[in-house]
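A.B. asks: My questions all concern the structure below.
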Amino acid sequence: MMKNLTKDWLKQLPISNIENIRPVSGGDINDSYEVIANGQQYFMKVQPQKGKEFFAHEVQGLKMLGEHCRVPEIVDYGEIDGDGYLIQKWLNLSPFGDQSQIGTMLAKVHECHNDKFGLDNDFKMGRIPKNNTWQDSWTTFFTKQRLDPLVQMAIDKGGFTTDDINKYNNLKQQFYVDMKNHKPEPSLLHGDFWSGNFTFTNDGKGMLIDPDVYFGDREFDIGVSTVFGGFDDNFYSAYNKEYPLDEGWQNRIKYYQFFYLLMHYVLFGGMFKMSVDRILNQF
């Protein structure tokens, strides 16, 4: 159920003379609106009672990605009566475009490197809080700050058996072995790179949206891209032309597929457990 935005609420926005506002589609996490003010069209997301901090991470991510690829233009973000909001310039979007643009964009994002894995702040406002404490080791970061907390949430949910936990421990041990041979550089990641998080404008130009950034193994984004599909050969070819993937990446992405599927199981329930089990059963 969407929040009722009162006249008093709307008056506190950093845009004036609002002529029209209507709900639009924009994901299952936020309330989304088209706003027309002073003859200009805007896209606004609202997160009831989560405050300004809810969107601070997304704003940070858009700014970081925006140094390397095309992203939506931020107008402002803030808080009104405890509700967080984010306003962006309106974009006329199309589902159609050349995905080679997206592949090149993601590769250029990944070419931005850091000396450690993580980010300079955590994201605690989401349904799955993220601990981004800096680490020298990717295996430490990914197991201790991504996988272990998520598995504990699955256990708390009542959906992980003793056998599942044993298989998960085997998965981690194999991950340690595979990473000794891989040794990834800390790359800037989109962090939630499924097909719903890229788009095209009506003029055919691609862009990345809704990031969850941190510095990690670039194969994480590639692994996530394979979970639900929606990416064509042009995407992967263009990515590899710009920044070729290391040998053996097809085998290593199962760890990142496991994370993403387990996250969906924790968030949305049993229909994802079979997919989680398919990976666990390899261990």
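Residues in the structure tokens are numbered from 1 in each chain, the chains being A, B, ... in the order shown, and ligands are numbered from 1 in the order shown.
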Let's see if you can do this: from backbone DSSP, list all strand (DSSP E) residues in region 27-122 of chain A, as a PyMOL selection string.
C.D. replies: chain A and resi 31-37+40-47+74-80+83-89+93-94
A.B. asks: List the spatial neighbours of Tyr33 (chain A) as a list in words - criterion: any atom at most 12 Å away, only C-alpha atoms, same-chain residues fewer than 3 positions off excluded.
C.D. replies: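 Close residues of Tyr33 (chain A): Met2, Lys3, Asn4, Leu5, Asn20, Ile21, Arg22, Pro23, Val24, Ser25, Gly26, Gly27, Asn30, Ile36, Gln41, Tyr42, Phe43, Met44, Lys45, Val46, Gln47, Tyr85, Leu86, Ile87, Gln88, Lys89 and Trp90 of chain A.
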A.B. asks: Quick one, how far is CA of Ser100 (chain A) from CA of Asp203 (chain A)?
C.D. replies: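 The value is 15.3 Å.
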A.B. asks: Excluding same-chain residues fewer than 2 positions from region 168-177 of chain A, what lies within 12 Å of it counting only C-alpha atoms, as a PDB file with C-alpha atoms, in the first residue's frame?
C.D. replies:
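Contents of the output file out-v8.pdb:
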```pdb
ATOM      1  CA  SER A 137      41.201 -10.593   1.584  1.00  0.00           C
ATOM      2  CA  TRP A 138      38.248 -11.198  -0.740  1.00  0.00           C
ATOM      3  CA  THR A 139      37.631 -14.631   0.790  1.00  0.00           C
ATOM      4  CA  THR A 140      37.347 -13.036   4.230  1.00  0.00           C
ATOM      5  CA  PHE A 141      35.055 -10.278   2.995  1.00  0.00           C
ATOM      6  CA  PHE A 142      32.756 -12.508   0.982  1.00  0.00           C
ATOM      7  CA  THR A 143      32.443 -15.335   3.505  1.00  0.00           C
ATOM      8  CA  LYS A 144      32.352 -13.326   6.744  1.00  0.00           C
ATOM      9  CA  ARG A 146      28.193 -11.650   2.859  1.00  0.00           C
ATOM     10  CA  LEU A 147      27.678 -15.421   2.970  1.00  0.00           C
ATOM     11  CA  ASP A 148      27.787 -16.190   6.715  1.00  0.00           C
ATOM     12  CA  LEU A 150      22.892 -14.599   4.946  1.00  0.00           C
ATOM     13  CA  VAL A 151      23.144 -18.271   5.870  1.00  0.00           C
ATOM     14  CA  GLN A 152      22.392 -17.344   9.490  1.00  0.00           C
ATOM     15  CA  ALA A 154      18.253 -18.672   6.376  1.00  0.00           C
ATOM     16  CA  ILE A 155      18.807 -20.764   9.523  1.00  0.00           C
ATOM     17  CA  PHE A 160      18.302 -24.635   6.538  1.00  0.00           C
ATOM     18  CA  THR A 161      18.829 -28.195   7.742  1.00  0.00           C
ATOM     19  CA  THR A 162      21.955 -29.663   9.350  1.00  0.00           C
ATOM     20  CA  ASP A 163      22.706 -31.242   5.963  1.00  0.00           C
ATOM     21  CA  ASP A 164      22.406 -27.814   4.286  1.00  0.00           C
ATOM     22  CA  ILE A 165      24.836 -26.335   6.802  1.00  0.00           C
ATOM     23  CA  ASN A 166      27.346 -29.141   6.206  1.00  0.00           C
ATOM     24  CA  MET A 179      40.199 -18.101  -4.712  1.00  0.00           C
ATOM     25  CA  LYS A 180      43.841 -19.077  -4.025  1.00  0.00           C
ATOM     26  CA  ASN A 181      44.189 -19.628  -7.751  1.00  0.00           C
ATOM     27  CA  HIS A 182      42.029 -16.656  -8.794  1.00  0.00           C
ATOM     28  CA  LYS A 183      43.291 -13.731  -6.640  1.00  0.00           C
ATOM     29  CA  ASN A 251      33.209 -22.405 -12.620  1.00  0.00           C
ATOM     30  CA  ARG A 252      33.666 -19.711  -9.953  1.00  0.00           C
ATOM     31  CA  ILE A 253      30.411 -17.801 -10.540  1.00  0.00           C
ATOM     32  CA  LYS A 254      28.436 -20.549  -8.781  1.00  0.00           C
ATOM     33  CA  TYR A 255      29.449 -19.008  -5.442  1.00  0.00           C
ATOM     34  CA  TYR A 256      27.922 -15.702  -6.469  1.00  0.00           C
ATOM     35  CA  PHE A 258      24.454 -19.135  -4.571  1.00  0.00           C
ATOM     36  CA  PHE A 259      24.612 -15.818  -2.690  1.00  0.00           C
ATOM     37  CA  LEU A 262      19.982 -17.444  -1.087  1.00  0.00           C
ATOM     38  CA  VAL A 276      19.741 -22.916  -3.614  1.00  0.00           C
ATOM     39  CA  ASP A 277      19.730 -26.691  -3.115  1.00  0.00           C
ATOM     40  CA  ARG A 278      20.871 -27.314  -6.694  1.00  0.00           C
ATOM     41  CA  ILE A 279      24.091 -25.469  -5.913  1.00  0.00           C
ATOM     42  CA  LEU A 280      24.531 -26.876  -2.397  1.00  0.00           C
ATOM     43  CA  ASN A 281      24.116 -30.401  -3.763  1.00  0.00           C
ATOM     44  CA  GLN A 282      27.326 -29.935  -5.755  1.00  0.00           C
ATOM     45  CA  PHE A 283      29.160 -29.959  -2.396  1.00  0.00           C
TER      46      PHE A 283
END
```
A.B. asks: Could you check which of A:Leu65, A:Met153, A:Leu245, A:Met207 is closest to Met263 (chain A), using only C-alpha atoms?
C.D. replies: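 Among the listed residues, A:Met153 lies closest to Met263 (chain A).
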A.B. asks: Residues within 9 Å of region 110-127 of chain A, please, as a PyMOL selection string. Count only C-alpha atoms; anything in the same chain fewer than 6 positions from it doesn't count.
C.D. replies: chain A and resi 50+53-57+68+133-138+141+185-190+212-218+243+267
A.B. asks: Please extract the residues of region 109-269 of chain A with a backbone DSSP assignment of helix (DSSP H, G or I) and present them as JSON, numbers by chain.
C.D. replies: {"A": [109, 110, 138, 139, 140, 141, 142, 143, 144, 145, 146, 147, 148, 149, 150, 151, 152, 153, 154, 155, 156, 162, 163, 164, 165, 166, 167, 168, 169, 170, 171, 172, 173, 174, 175, 176, 177, 178, 179, 180, 181, 182, 195, 196, 197, 219, 220, 221, 222, 223, 224, 225, 233, 234, 235, 236, 237, 238, 239, 240, 241, 242, 249, 250, 251, 252, 253, 254, 255, 256, 257, 258, 259, 260, 261, 262, 263, 264, 265, 266, 267, 268]}
A.B. asks: What does the structure give for the distance between CA of Phe235 (chain A) and CA of Gln145 (chain A), in Å to one decimal?
C.D. replies: 29.4 Å
A.B. asks: For region 156-213 of chain A against region 91-97 of chain A, with a cut-off of 6 Å and counting only C-alpha atoms, what is the closest atom pair and its distance in Å to one decimal for every residue that makes the cut, ordered by chain and number, as JSON lines?
C.D. replies:
```
{"residue": "A:Phe200", "atom": "CA", "partner": "A:Ser94", "partner_atom": "CA", "distance": 5.3}
{"residue": "A:Thr201", "atom": "CA", "partner": "A:Leu93", "partner_atom": "CA", "distance": 4.2}
{"residue": "A:Asn202", "atom": "CA", "partner": "A:Ser94", "partner_atom": "CA", "distance": 5.3}
{"residue": "A:Gly204", "atom": "CA", "partner": "A:Gly97", "partner_atom": "CA", "distance": 5.2}
```
A.B. asks: What gap, in Å, lies between CA of Gly51 (chain A) and CA of Asp210 (chain A)?
C.D. replies: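 We find that CA of Gly51 (chain A) and CA of Asp210 (chain A) lie 17.8 Å from each other.
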A.B. asks: Which one of A:Asp192, A:Trp9, A:Tyr239, A:Phe231 sits closest to His264 (chain A) if you count only C-alpha atoms?
C.D. replies: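 Among A:Asp192, A:Trp9, A:Tyr239, A:Phe231, it is A:Asp192 that comes nearest to His264 (chain A).
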A.B. asks: Residues within 9 Å of Asp233 (chain A), please, as a list in words. Count only C-alpha atoms; anything in the same chain fewer than 3 positions from it doesn't count.
C.D. replies: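 Surrounding residues, per the criterion: Gln99, Ser100, Tyr236, Ser237 and Ala238 of chain A.
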A.B. asks: Hey, what's within 12 Å of Leu13 (chain A) if we count only C-alpha atoms and toss same-chain stuff fewer than 3 positions away? As a list of chain:residue names, please?
C.D. replies: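 Non-adjacent residues within range: A:Leu5, A:Thr6, A:Lys7, A:Asp8, A:Trp9, A:Leu10, A:Ser16, A:Asn17, A:Ile18, A:Val35, A:Ala37, A:Met44, A:Val46, A:Val75, A:Asp76, A:Tyr77, A:Gly78, A:Glu79, A:Ile80, A:Asp81, A:Asp83, A:Gly84, A:Tyr85, A:Leu86, A:Ile87.
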